[in-house]
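Printed here is query_32.pdb (PDB, C-alpha atoms, pLDDT in the B column):
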```pdb
ATOM      1  CA  MET Y 128    -115.810-127.008-140.099  1.00 53.00           C
ATOM      2  CA  ALA Y 129    -113.371-125.650-137.566  1.00 68.00           C
ATOM      3  CA  LYS Y 130    -110.488-123.386-138.452  1.00 84.00           C
ATOM      4  CA  LEU Y 131    -107.075-124.796-137.485  1.00 88.00           C
ATOM      5  CA  THR Y 132    -104.817-122.926-135.122  1.00 90.00           C
ATOM      6  CA  ASP Y 133    -101.099-122.687-135.824  1.00 86.00           C
ATOM      7  CA  ARG Y 134    -100.476-125.200-133.046  1.00 90.00           C
ATOM      8  CA  GLN Y 135    -102.960-127.650-134.559  1.00 91.00           C
ATOM      9  CA  ARG Y 136    -101.299-127.317-137.965  1.00 88.00           C
ATOM     10  CA  LYS Y 137     -97.938-128.195-136.427  1.00 85.00           C
ATOM     11  CA  GLN Y 138     -99.470-131.129-134.552  1.00 89.00           C
ATOM     12  CA  ILE Y 139    -101.090-132.456-137.735  1.00 90.00           C
ATOM     13  CA  ILE Y 140     -97.821-132.270-139.641  1.00 85.00           C
ATOM     14  CA  ALA Y 141     -95.957-133.918-136.752  1.00 83.00           C
ATOM     15  CA  GLU Y 142     -98.473-136.760-136.518  1.00 87.00           C
ATOM     16  CA  TYR Y 143     -98.400-137.290-140.263  1.00 84.00           C
ATOM     17  CA  VAL Y 144     -94.587-137.301-140.398  1.00 79.00           C
ATOM     18  CA  ASN Y 145     -94.455-139.823-137.526  1.00 79.00           C
ATOM     19  CA  GLY Y 146     -96.700-142.085-139.575  1.00 79.00           C
ATOM     20  CA  GLY Y 147     -99.433-144.493-138.626  1.00 83.00           C
ATOM     21  CA  ILE Y 148    -102.271-142.045-139.266  1.00 90.00           C
ATOM     22  CA  SER Y 149    -104.062-141.271-142.492  1.00 91.00           C
ATOM     23  CA  GLN Y 150    -105.215-137.914-143.782  1.00 92.00           C
ATOM     24  CA  ARG Y 151    -108.815-139.066-143.285  1.00 94.00           C
ATOM     25  CA  GLN Y 152    -108.122-139.905-139.642  1.00 95.00           C
ATOM     26  CA  LEU Y 153    -106.439-136.541-139.109  1.00 93.00           C
ATOM     27  CA  ALA Y 154    -109.437-134.780-140.670  1.00 93.00           C
ATOM     28  CA  GLU Y 155    -111.798-136.593-138.310  1.00 94.00           C
ATOM     29  CA  LYS Y 156    -109.594-135.916-135.293  1.00 94.00           C
ATOM     30  CA  TYR Y 157    -109.324-132.177-135.969  1.00 93.00           C
ATOM     31  CA  HIS Y 158    -112.887-131.761-137.327  1.00 93.00           C
ATOM     32  CA  VAL Y 159    -111.853-130.456-140.731  1.00 94.00           C
ATOM     33  CA  SER Y 160    -112.203-131.780-144.261  1.00 93.00           C
ATOM     34  CA  GLN Y 161    -109.720-134.224-145.702  1.00 93.00           C
ATOM     35  CA  ASN Y 162    -109.106-131.625-148.396  1.00 93.00           C
ATOM     36  CA  ALA Y 163    -107.938-129.154-145.721  1.00 91.00           C
ATOM     37  CA  ILE Y 164    -105.502-131.757-144.369  1.00 91.00           C
ATOM     38  CA  ALA Y 165    -104.242-132.585-147.864  1.00 90.00           C
ATOM     39  CA  LYS Y 166    -103.674-128.893-148.583  1.00 88.00           C
ATOM     40  CA  LEU Y 167    -101.766-128.435-145.326  1.00 88.00           C
ATOM     41  CA  LEU Y 168     -99.633-131.508-145.940  1.00 85.00           C
ATOM     42  CA  SER Y 169     -98.969-130.609-149.565  1.00 84.00           C
ATOM     43  CA  SER Y 170     -96.842-127.772-148.334  1.00 77.00           C
ATOM     44  CA  GLU Y 171     -93.559-129.634-148.781  1.00 65.00           C
ATOM     45  CA  LYS Y 172     -91.688-126.936-146.940  1.00 72.00           C
ATOM     46  CA  SER Y 173     -93.660-127.555-143.733  1.00 72.00           C
ATOM     47  CA  VAL Y 174     -93.366-131.317-143.891  1.00 72.00           C
ATOM     48  CA  GLN Y 175     -89.672-131.198-144.813  1.00 81.00           C
ATOM     49  CA  LYS Y 176     -88.926-128.747-142.016  1.00 76.00           C
ATOM     50  CA  LEU Y 177     -90.552-130.989-139.433  1.00 74.00           C
ATOM     51  CA  SER Y 178     -88.938-134.122-140.847  1.00 76.00           C
ATOM     52  CA  ASP Y 179     -85.519-132.447-140.682  1.00 82.00           C
ATOM     53  CA  LYS Y 180     -86.154-131.411-137.068  1.00 77.00           C
ATOM     54  CA  LYS Y 181     -87.132-134.971-136.160  1.00 78.00           C
ATOM     55  CA  GLU Y 182     -83.910-136.323-137.702  1.00 83.00           C
ATOM     56  CA  GLU Y 183     -81.863-133.647-135.911  1.00 84.00           C
ATOM     57  CA  ASN Y 184     -83.431-134.569-132.560  1.00 80.00           C
ATOM     58  CA  THR Y 185     -82.772-138.264-133.166  1.00 82.00           C
ATOM     59  CA  ARG Y 186     -79.107-137.589-134.012  1.00 85.00           C
ATOM     60  CA  SER Y 187     -78.761-135.370-130.971  1.00 86.00           C
ATOM     61  CA  MET Y 188     -80.170-138.051-128.655  1.00 83.00           C
ATOM     62  CA  LEU Y 189     -77.935-140.768-130.134  1.00 82.00           C
ATOM     63  CA  GLU Y 190     -74.891-138.512-129.715  1.00 84.00           C
ATOM     64  CA  PHE Y 191     -75.850-137.896-126.089  1.00 83.00           C
ATOM     65  CA  LEU Y 192     -76.227-141.631-125.422  1.00 77.00           C
ATOM     66  CA  ASP Y 193     -72.878-142.297-127.077  1.00 79.00           C
ATOM     67  CA  GLU Y 194     -71.242-139.655-124.873  1.00 81.00           C
ATOM     68  CA  GLN Y 195     -72.739-141.317-121.788  1.00 80.00           C
ATOM     69  CA  LYS Y 196     -71.544-144.805-122.714  1.00 78.00           C
ATOM     70  CA  SER Y 197     -68.252-144.537-120.819  1.00 80.00           C
ATOM     71  CA  THR Y 198     -70.058-143.152-117.770  1.00 81.00           C
ATOM     72  CA  ALA Y 199     -72.490-146.080-117.846  1.00 74.00           C
ATOM     73  CA  GLN Y 200     -69.636-148.564-118.204  1.00 77.00           C
ATOM     74  CA  SER Y 201     -67.789-146.985-115.282  1.00 80.00           C
ATOM     75  CA  LEU Y 202     -70.927-147.078-113.150  1.00 77.00           C
ATOM     76  CA  MET Y 203     -71.477-150.719-114.069  1.00 74.00           C
ATOM     77  CA  GLN Y 204     -67.932-151.586-113.013  1.00 80.00           C
ATOM     78  CA  LYS Y 205     -68.500-149.863-109.662  1.00 79.00           C
ATOM     79  CA  LEU Y 206     -71.807-151.689-109.151  1.00 76.00           C
ATOM     80  CA  LEU Y 207     -70.229-155.040-109.941  1.00 75.00           C
ATOM     81  CA  LYS Y 208     -67.294-154.316-107.632  1.00 78.00           C
ATOM     82  CA  ALA Y 209     -69.634-153.263-104.824  1.00 74.00           C
ATOM     83  CA  SER Y 210     -71.746-156.379-105.357  1.00 76.00           C
ATOM     84  CA  GLU Y 211     -68.825-158.814-105.168  1.00 77.00           C
ATOM     85  CA  GLU Y 212     -69.249-159.268-101.400  1.00 77.00           C
ATOM     86  CA  ASP Y 213     -72.993-159.856-101.782  1.00 79.00           C
ATOM     87  CA  ILE Y 214     -72.328-162.362-104.529  1.00 76.00           C
ATOM     88  CA  GLU Y 215     -69.767-164.196-102.401  1.00 79.00           C
ATOM     89  CA  LYS Y 216     -72.301-164.475 -99.570  1.00 82.00           C
ATOM     90  CA  ALA Y 217     -75.106-165.611-101.885  1.00 82.00           C
ATOM     91  CA  SER Y 218     -76.232-169.221-102.115  1.00 84.00           C
ATOM     92  CA  LEU Y 219     -75.130-171.361-105.045  1.00 83.00           C
ATOM     93  CA  ARG Y 220     -78.669-171.152-106.428  1.00 84.00           C
ATOM     94  CA  ASP Y 221     -78.577-167.333-106.362  1.00 82.00           C
ATOM     95  CA  LYS Y 222     -75.116-167.280-107.938  1.00 79.00           C
ATOM     96  CA  MET Y 223     -76.281-169.544-110.738  1.00 81.00           C
ATOM     97  CA  GLY Y 224     -79.332-167.343-111.232  1.00 82.00           C
ATOM     98  CA  ALA Y 225     -77.154-164.260-111.521  1.00 78.00           C
ATOM     99  CA  LEU Y 226     -74.837-166.046-113.940  1.00 78.00           C
ATOM    100  CA  LYS Y 227     -77.815-167.076-116.054  1.00 80.00           C
ATOM    101  CA  ILE Y 228     -79.154-163.510-116.144  1.00 79.00           C
ATOM    102  CA  LEU Y 229     -75.749-162.085-117.097  1.00 73.00           C
ATOM    103  CA  SER Y 230     -75.160-164.662-119.830  1.00 73.00           C
ATOM    104  CA  GLU Y 231     -78.651-164.182-121.296  1.00 73.00           C
ATOM    105  CA  VAL Y 232     -78.339-160.415-121.321  1.00 69.00           C
ATOM    106  CA  PHE Y 233     -74.930-160.439-122.970  1.00 66.00           C
ATOM    107  CA  ALA Y 234     -76.023-163.055-125.482  1.00 65.00           C
ATOM    108  CA  GLN Y 235     -79.033-160.928-126.432  1.00 61.00           C
ATOM    109  CA  THR Y 236     -77.074-157.704-126.823  1.00 55.00           C
ATOM    110  CA  ARG Y 237     -73.996-159.118-128.531  1.00 53.00           C
ATOM    111  CA  GLY Y 238     -73.645-157.510-131.930  1.00 52.00           C
ATOM    112  CA  THR Y 239     -76.560-155.103-131.474  1.00 51.00           C
ATOM    113  CA  GLU Y 240     -76.514-151.324-131.495  1.00 51.00           C
ATOM    114  CA  ASP Y 241     -75.245-149.251-128.570  1.00 51.00           C
ATOM    115  CA  ARG Y 242     -78.704-148.060-127.539  1.00 51.00           C
ATOM    116  CA  ASN Y 243     -79.511-151.623-126.457  1.00 60.00           C
ATOM    117  CA  GLU Y 244     -76.668-151.495-123.941  1.00 61.00           C
ATOM    118  CA  LYS Y 245     -78.737-149.414-121.525  1.00 61.00           C
ATOM    119  CA  ALA Y 246     -81.482-152.042-121.495  1.00 67.00           C
ATOM    120  CA  ALA Y 247     -78.854-154.706-120.913  1.00 64.00           C
ATOM    121  CA  LEU Y 248     -77.364-152.738-118.030  1.00 64.00           C
ATOM    122  CA  ASP Y 249     -80.810-152.299-116.508  1.00 67.00           C
ATOM    123  CA  LYS Y 250     -81.418-156.053-116.658  1.00 69.00           C
ATOM    124  CA  ILE Y 251     -78.069-156.800-115.039  1.00 67.00           C
ATOM    125  CA  VAL Y 252     -78.676-154.310-112.244  1.00 66.00           C
ATOM    126  CA  GLU Y 253     -82.134-155.790-111.625  1.00 68.00           C
ATOM    127  CA  GLY Y 254     -80.605-159.274-111.499  1.00 67.00           C
ATOM    128  CA  LEU Y 255     -78.007-158.132-109.007  1.00 63.00           C
ATOM    129  CA  LYS Y 256     -80.651-156.455-106.844  1.00 63.00           C
ATOM    130  CA  GLU Y 257     -82.486-159.769-106.658  1.00 63.00           C
ATOM    131  CA  LEU Y 258     -79.434-161.288-104.972  1.00 55.00           C
ATOM    132  CA  LYS Y 259     -79.858-159.057-101.935  1.00 50.00           C
TER     133      LYS Y 259
END
```

Is it possible to express this structure as C-alpha cells?
Amino acid sequence: MAKLTDRQRKQIIAEYVNGGISQRQLAEKYHVSQNAIAKLLSSEKSVQKLSDKKEENTRSMLEFLDEQKSTAQSLMQKLLKASEEDIEKASLRDKMGALKILSEVFAQTRGTEDRNEKAALDKIVEGLKELK
C-alpha cells in the first residue's frame, strides 16, 4: 500500500465532499485500503474545513456574477442597438427567426435564477450573429 501525500489527502477529501465517489472507489484510485480512506474522512475537521471552503467559493462566485449583471445588461443593450440596422436590413424570414429565438430564450429564463441570464444572453447574441 502506498503512503498518501498531503496533496493526495486534500484531493481525496475534495472528491469525497463533491460527491459521486465512494470510499471504495477512492481507495482503488489512490492504491490504499478503504480503511485508510475511512480514517482520513472520519476527521470531521478536515471534511468540514473543505466543505466550508467550497461554500465560500460558491458564494463568492455568485456575488461576482450578481455584480456583473448590470454590466451584462448594459452590454446587451449596446449589442441590440448596434444590431438594429442589421435587423432592419434582414429578410422577413431572418427577422422572424430572430424573434423566435428571443421569445424562446426569454420564455425559458423567465422566473429562473440570475445565473441563467448569462446563458440566455449567449443564446441571444448567437441568434443575432446568425442574422449577419

Convert the output of the PyMOL selection byres ((chain Y and resi 136-153) around 12) on the shown file into explicit residues, formatted as a PyMOL selection string. chain Y and resi 130-135+154-182

Given the selection you just returned, output its residues as a file containing C-alpha atoms, formatted as a PDB file, in the coordinates of the input.
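Generated file (part.pdb):
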```pdb
ATOM      1  CA  LYS Y 130    -110.488-123.386-138.452  1.00 84.00           C
ATOM      2  CA  LEU Y 131    -107.075-124.796-137.485  1.00 88.00           C
ATOM      3  CA  THR Y 132    -104.817-122.926-135.122  1.00 90.00           C
ATOM      4  CA  ASP Y 133    -101.099-122.687-135.824  1.00 86.00           C
ATOM      5  CA  ARG Y 134    -100.476-125.200-133.046  1.00 90.00           C
ATOM      6  CA  GLN Y 135    -102.960-127.650-134.559  1.00 91.00           C
ATOM      7  CA  ALA Y 154    -109.437-134.780-140.670  1.00 93.00           C
ATOM      8  CA  GLU Y 155    -111.798-136.593-138.310  1.00 94.00           C
ATOM      9  CA  LYS Y 156    -109.594-135.916-135.293  1.00 94.00           C
ATOM     10  CA  TYR Y 157    -109.324-132.177-135.969  1.00 93.00           C
ATOM     11  CA  HIS Y 158    -112.887-131.761-137.327  1.00 93.00           C
ATOM     12  CA  VAL Y 159    -111.853-130.456-140.731  1.00 94.00           C
ATOM     13  CA  SER Y 160    -112.203-131.780-144.261  1.00 93.00           C
ATOM     14  CA  GLN Y 161    -109.720-134.224-145.702  1.00 93.00           C
ATOM     15  CA  ASN Y 162    -109.106-131.625-148.396  1.00 93.00           C
ATOM     16  CA  ALA Y 163    -107.938-129.154-145.721  1.00 91.00           C
ATOM     17  CA  ILE Y 164    -105.502-131.757-144.369  1.00 91.00           C
ATOM     18  CA  ALA Y 165    -104.242-132.585-147.864  1.00 90.00           C
ATOM     19  CA  LYS Y 166    -103.674-128.893-148.583  1.00 88.00           C
ATOM     20  CA  LEU Y 167    -101.766-128.435-145.326  1.00 88.00           C
ATOM     21  CA  LEU Y 168     -99.633-131.508-145.940  1.00 85.00           C
ATOM     22  CA  SER Y 169     -98.969-130.609-149.565  1.00 84.00           C
ATOM     23  CA  SER Y 170     -96.842-127.772-148.334  1.00 77.00           C
ATOM     24  CA  GLU Y 171     -93.559-129.634-148.781  1.00 65.00           C
ATOM     25  CA  LYS Y 172     -91.688-126.936-146.940  1.00 72.00           C
ATOM     26  CA  SER Y 173     -93.660-127.555-143.733  1.00 72.00           C
ATOM     27  CA  VAL Y 174     -93.366-131.317-143.891  1.00 72.00           C
ATOM     28  CA  GLN Y 175     -89.672-131.198-144.813  1.00 81.00           C
ATOM     29  CA  LYS Y 176     -88.926-128.747-142.016  1.00 76.00           C
ATOM     30  CA  LEU Y 177     -90.552-130.989-139.433  1.00 74.00           C
ATOM     31  CA  SER Y 178     -88.938-134.122-140.847  1.00 76.00           C
ATOM     32  CA  ASP Y 179     -85.519-132.447-140.682  1.00 82.00           C
ATOM     33  CA  LYS Y 180     -86.154-131.411-137.068  1.00 77.00           C
ATOM     34  CA  LYS Y 181     -87.132-134.971-136.160  1.00 78.00           C
ATOM     35  CA  GLU Y 182     -83.910-136.323-137.702  1.00 83.00           C
TER      36      GLU Y 182
END
```

Between atom CA of Met203 of chain Y and atom CA of Lys227 of chain Y, distance in Å (one decimal):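 Result for atom CA of Met203 of chain Y versus atom CA of Lys227 of chain Y: 17.7 Å, one decimal.
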
Could you jot down the atom CA of Ile214 of chain Y to atom CA of Glu231 of chain Y separation for me, Å, one decimal place?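 Separation of atom CA of Ile214 of chain Y and atom CA of Glu231 of chain Y: 18.0 Å.
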
Would you work out the distance separating atom CA of Asp213 of chain Y from atom CA of Ala225 of chain Y, expressed in Å to one decimal? 11.5 Å

If I only have part of segment 210-221 of chain Y, can you fill in all heavy atoms and write it as a PDB file, in the frame of the given file?
```pdb
ATOM      1  N   SER Y 210     -70.895-155.198-105.545  1.00 76.00           N
ATOM      2  CA  SER Y 210     -71.746-156.379-105.357  1.00 76.00           C
ATOM      3  C   SER Y 210     -70.951-157.666-105.144  1.00 76.00           C
ATOM      4  O   SER Y 210     -71.544-158.698-104.843  1.00 76.00           O
ATOM      5  CB  SER Y 210     -72.663-156.552-106.563  1.00 76.00           C
ATOM      6  OG  SER Y 210     -73.499-155.441-106.702  1.00 76.00           O
ATOM      7  N   GLU Y 211     -69.639-157.602-105.305  1.00 77.00           N
ATOM      8  CA  GLU Y 211     -68.825-158.814-105.168  1.00 77.00           C
ATOM      9  C   GLU Y 211     -69.040-159.490-103.812  1.00 77.00           C
ATOM     10  O   GLU Y 211     -69.189-160.700-103.730  1.00 77.00           O
ATOM     11  CB  GLU Y 211     -67.341-158.500-105.368  1.00 77.00           C
ATOM     12  CG  GLU Y 211     -66.949-158.341-106.807  1.00 77.00           C
ATOM     13  CD  GLU Y 211     -65.470-158.030-106.979  1.00 77.00           C
ATOM     14  OE1 GLU Y 211     -64.691-158.177-106.009  1.00 77.00           O
ATOM     15  OE2 GLU Y 211     -65.097-157.635-108.090  1.00 77.00           O
ATOM     16  N   GLU Y 212     -69.067-158.698-102.733  1.00 77.00           N
ATOM     17  CA  GLU Y 212     -69.249-159.268-101.400  1.00 77.00           C
ATOM     18  C   GLU Y 212     -70.623-159.934-101.287  1.00 77.00           C
ATOM     19  O   GLU Y 212     -70.744-161.032-100.738  1.00 77.00           O
ATOM     20  CB  GLU Y 212     -69.098-158.174-100.334  1.00 77.00           C
ATOM     21  CG  GLU Y 212     -69.092-158.719 -98.922  1.00 77.00           C
ATOM     22  CD  GLU Y 212     -68.837-157.618 -97.901  1.00 77.00           C
ATOM     23  OE1 GLU Y 212     -67.897-156.814 -98.103  1.00 77.00           O
ATOM     24  OE2 GLU Y 212     -69.590-157.587 -96.921  1.00 77.00           O
ATOM     25  N   ASP Y 213     -71.650-159.272-101.809  1.00 79.00           N
ATOM     26  CA  ASP Y 213     -72.993-159.856-101.782  1.00 79.00           C
ATOM     27  C   ASP Y 213     -73.037-161.159-102.578  1.00 79.00           C
ATOM     28  O   ASP Y 213     -73.677-162.124-102.157  1.00 79.00           O
ATOM     29  CB  ASP Y 213     -74.032-158.883-102.351  1.00 79.00           C
ATOM     30  CG  ASP Y 213     -74.245-157.668-101.457  1.00 79.00           C
ATOM     31  OD1 ASP Y 213     -73.994-157.787-100.239  1.00 79.00           O
ATOM     32  OD2 ASP Y 213     -74.668-156.627-101.973  1.00 79.00           O
ATOM     33  N   ILE Y 214     -72.347-161.160-103.697  1.00 76.00           N
ATOM     34  CA  ILE Y 214     -72.328-162.362-104.529  1.00 76.00           C
ATOM     35  C   ILE Y 214     -71.604-163.499-103.810  1.00 76.00           C
ATOM     36  O   ILE Y 214     -72.049-164.644-103.836  1.00 76.00           O
ATOM     37  CB  ILE Y 214     -71.696-162.063-105.909  1.00 76.00           C
ATOM     38  CG1 ILE Y 214     -72.629-161.130-106.701  1.00 76.00           C
ATOM     39  CG2 ILE Y 214     -71.424-163.345-106.680  1.00 76.00           C
ATOM     40  CD1 ILE Y 214     -72.035-160.587-107.978  1.00 76.00           C
ATOM     41  N   GLU Y 215     -70.512-163.165-103.140  1.00 79.00           N
ATOM     42  CA  GLU Y 215     -69.767-164.196-102.401  1.00 79.00           C
ATOM     43  C   GLU Y 215     -70.615-164.795-101.289  1.00 79.00           C
ATOM     44  O   GLU Y 215     -70.520-165.990-101.007  1.00 79.00           O
ATOM     45  CB  GLU Y 215     -68.474-163.610-101.834  1.00 79.00           C
ATOM     46  CG  GLU Y 215     -67.413-163.354-102.896  1.00 79.00           C
ATOM     47  CD  GLU Y 215     -66.161-162.727-102.325  1.00 79.00           C
ATOM     48  OE1 GLU Y 215     -65.913-162.837-101.107  1.00 79.00           O
ATOM     49  OE2 GLU Y 215     -65.418-162.120-103.110  1.00 79.00           O
ATOM     50  N   LYS Y 216     -71.454-163.997-100.659  1.00 82.00           N
ATOM     51  CA  LYS Y 216     -72.301-164.475 -99.570  1.00 82.00           C
ATOM     52  C   LYS Y 216     -73.551-165.199-100.067  1.00 82.00           C
ATOM     53  O   LYS Y 216     -74.205-165.879 -99.300  1.00 82.00           O
ATOM     54  CB  LYS Y 216     -72.733-163.298 -98.688  1.00 82.00           C
ATOM     55  CG  LYS Y 216     -71.602-162.667 -97.912  1.00 82.00           C
ATOM     56  CD  LYS Y 216     -72.128-161.489 -97.115  1.00 82.00           C
ATOM     57  CE  LYS Y 216     -71.015-160.779 -96.377  1.00 82.00           C
ATOM     58  NZ  LYS Y 216     -71.499-159.595 -95.648  1.00 82.00           N
ATOM     59  N   ALA Y 217     -73.873-165.036-101.345  1.00 82.00           N
ATOM     60  CA  ALA Y 217     -75.106-165.611-101.885  1.00 82.00           C
ATOM     61  C   ALA Y 217     -75.015-167.133-101.968  1.00 82.00           C
ATOM     62  O   ALA Y 217     -73.923-167.710-102.028  1.00 82.00           O
ATOM     63  CB  ALA Y 217     -75.365-165.033-103.272  1.00 82.00           C
ATOM     64  N   SER Y 218     -76.178-167.767-101.986  1.00 84.00           N
ATOM     65  CA  SER Y 218     -76.232-169.221-102.115  1.00 84.00           C
ATOM     66  C   SER Y 218     -75.828-169.605-103.542  1.00 84.00           C
ATOM     67  O   SER Y 218     -75.829-168.774-104.450  1.00 84.00           O
ATOM     68  CB  SER Y 218     -77.650-169.719-101.835  1.00 84.00           C
ATOM     69  OG  SER Y 218     -78.525-169.295-102.874  1.00 84.00           O
ATOM     70  N   LEU Y 219     -75.501-170.868-103.716  1.00 83.00           N
ATOM     71  CA  LEU Y 219     -75.130-171.361-105.045  1.00 83.00           C
ATOM     72  C   LEU Y 219     -76.279-171.131-106.023  1.00 83.00           C
ATOM     73  O   LEU Y 219     -76.042-170.741-107.170  1.00 83.00           O
ATOM     74  CB  LEU Y 219     -74.759-172.847-104.980  1.00 83.00           C
ATOM     75  CG  LEU Y 219     -74.383-173.483-106.318  1.00 83.00           C
ATOM     76  CD1 LEU Y 219     -73.178-172.771-106.926  1.00 83.00           C
ATOM     77  CD2 LEU Y 219     -74.094-174.968-106.140  1.00 83.00           C
ATOM     78  N   ARG Y 220     -77.495-171.348-105.562  1.00 84.00           N
ATOM     79  CA  ARG Y 220     -78.669-171.152-106.428  1.00 84.00           C
ATOM     80  C   ARG Y 220     -78.745-169.703-106.909  1.00 84.00           C
ATOM     81  O   ARG Y 220     -78.990-169.434-108.079  1.00 84.00           O
ATOM     82  CB  ARG Y 220     -79.931-171.531-105.654  1.00 84.00           C
ATOM     83  CG  ARG Y 220     -81.191-171.375-106.447  1.00 84.00           C
ATOM     84  CD  ARG Y 220     -82.393-171.908-105.655  1.00 84.00           C
ATOM     85  NE  ARG Y 220     -83.593-171.670-106.393  1.00 84.00           N
ATOM     86  CZ  ARG Y 220     -84.586-170.907-105.966  1.00 84.00           C
ATOM     87  NH1 ARG Y 220     -84.548-170.352-104.782  1.00 84.00           N
ATOM     88  NH2 ARG Y 220     -85.657-170.734-106.708  1.00 84.00           N
ATOM     89  N   ASP Y 221     -78.547-168.747-105.997  1.00 82.00           N
ATOM     90  CA  ASP Y 221     -78.577-167.333-106.362  1.00 82.00           C
ATOM     91  C   ASP Y 221     -77.435-166.967-107.306  1.00 82.00           C
ATOM     92  O   ASP Y 221     -77.607-166.186-108.240  1.00 82.00           O
ATOM     93  CB  ASP Y 221     -78.530-166.449-105.115  1.00 82.00           C
ATOM     94  CG  ASP Y 221     -79.833-166.485-104.324  1.00 82.00           C
ATOM     95  OD1 ASP Y 221     -80.868-166.892-104.892  1.00 82.00           O
ATOM     96  OD2 ASP Y 221     -79.807-166.108-103.135  1.00 82.00           O
TER      97      ASP Y 221
END
```
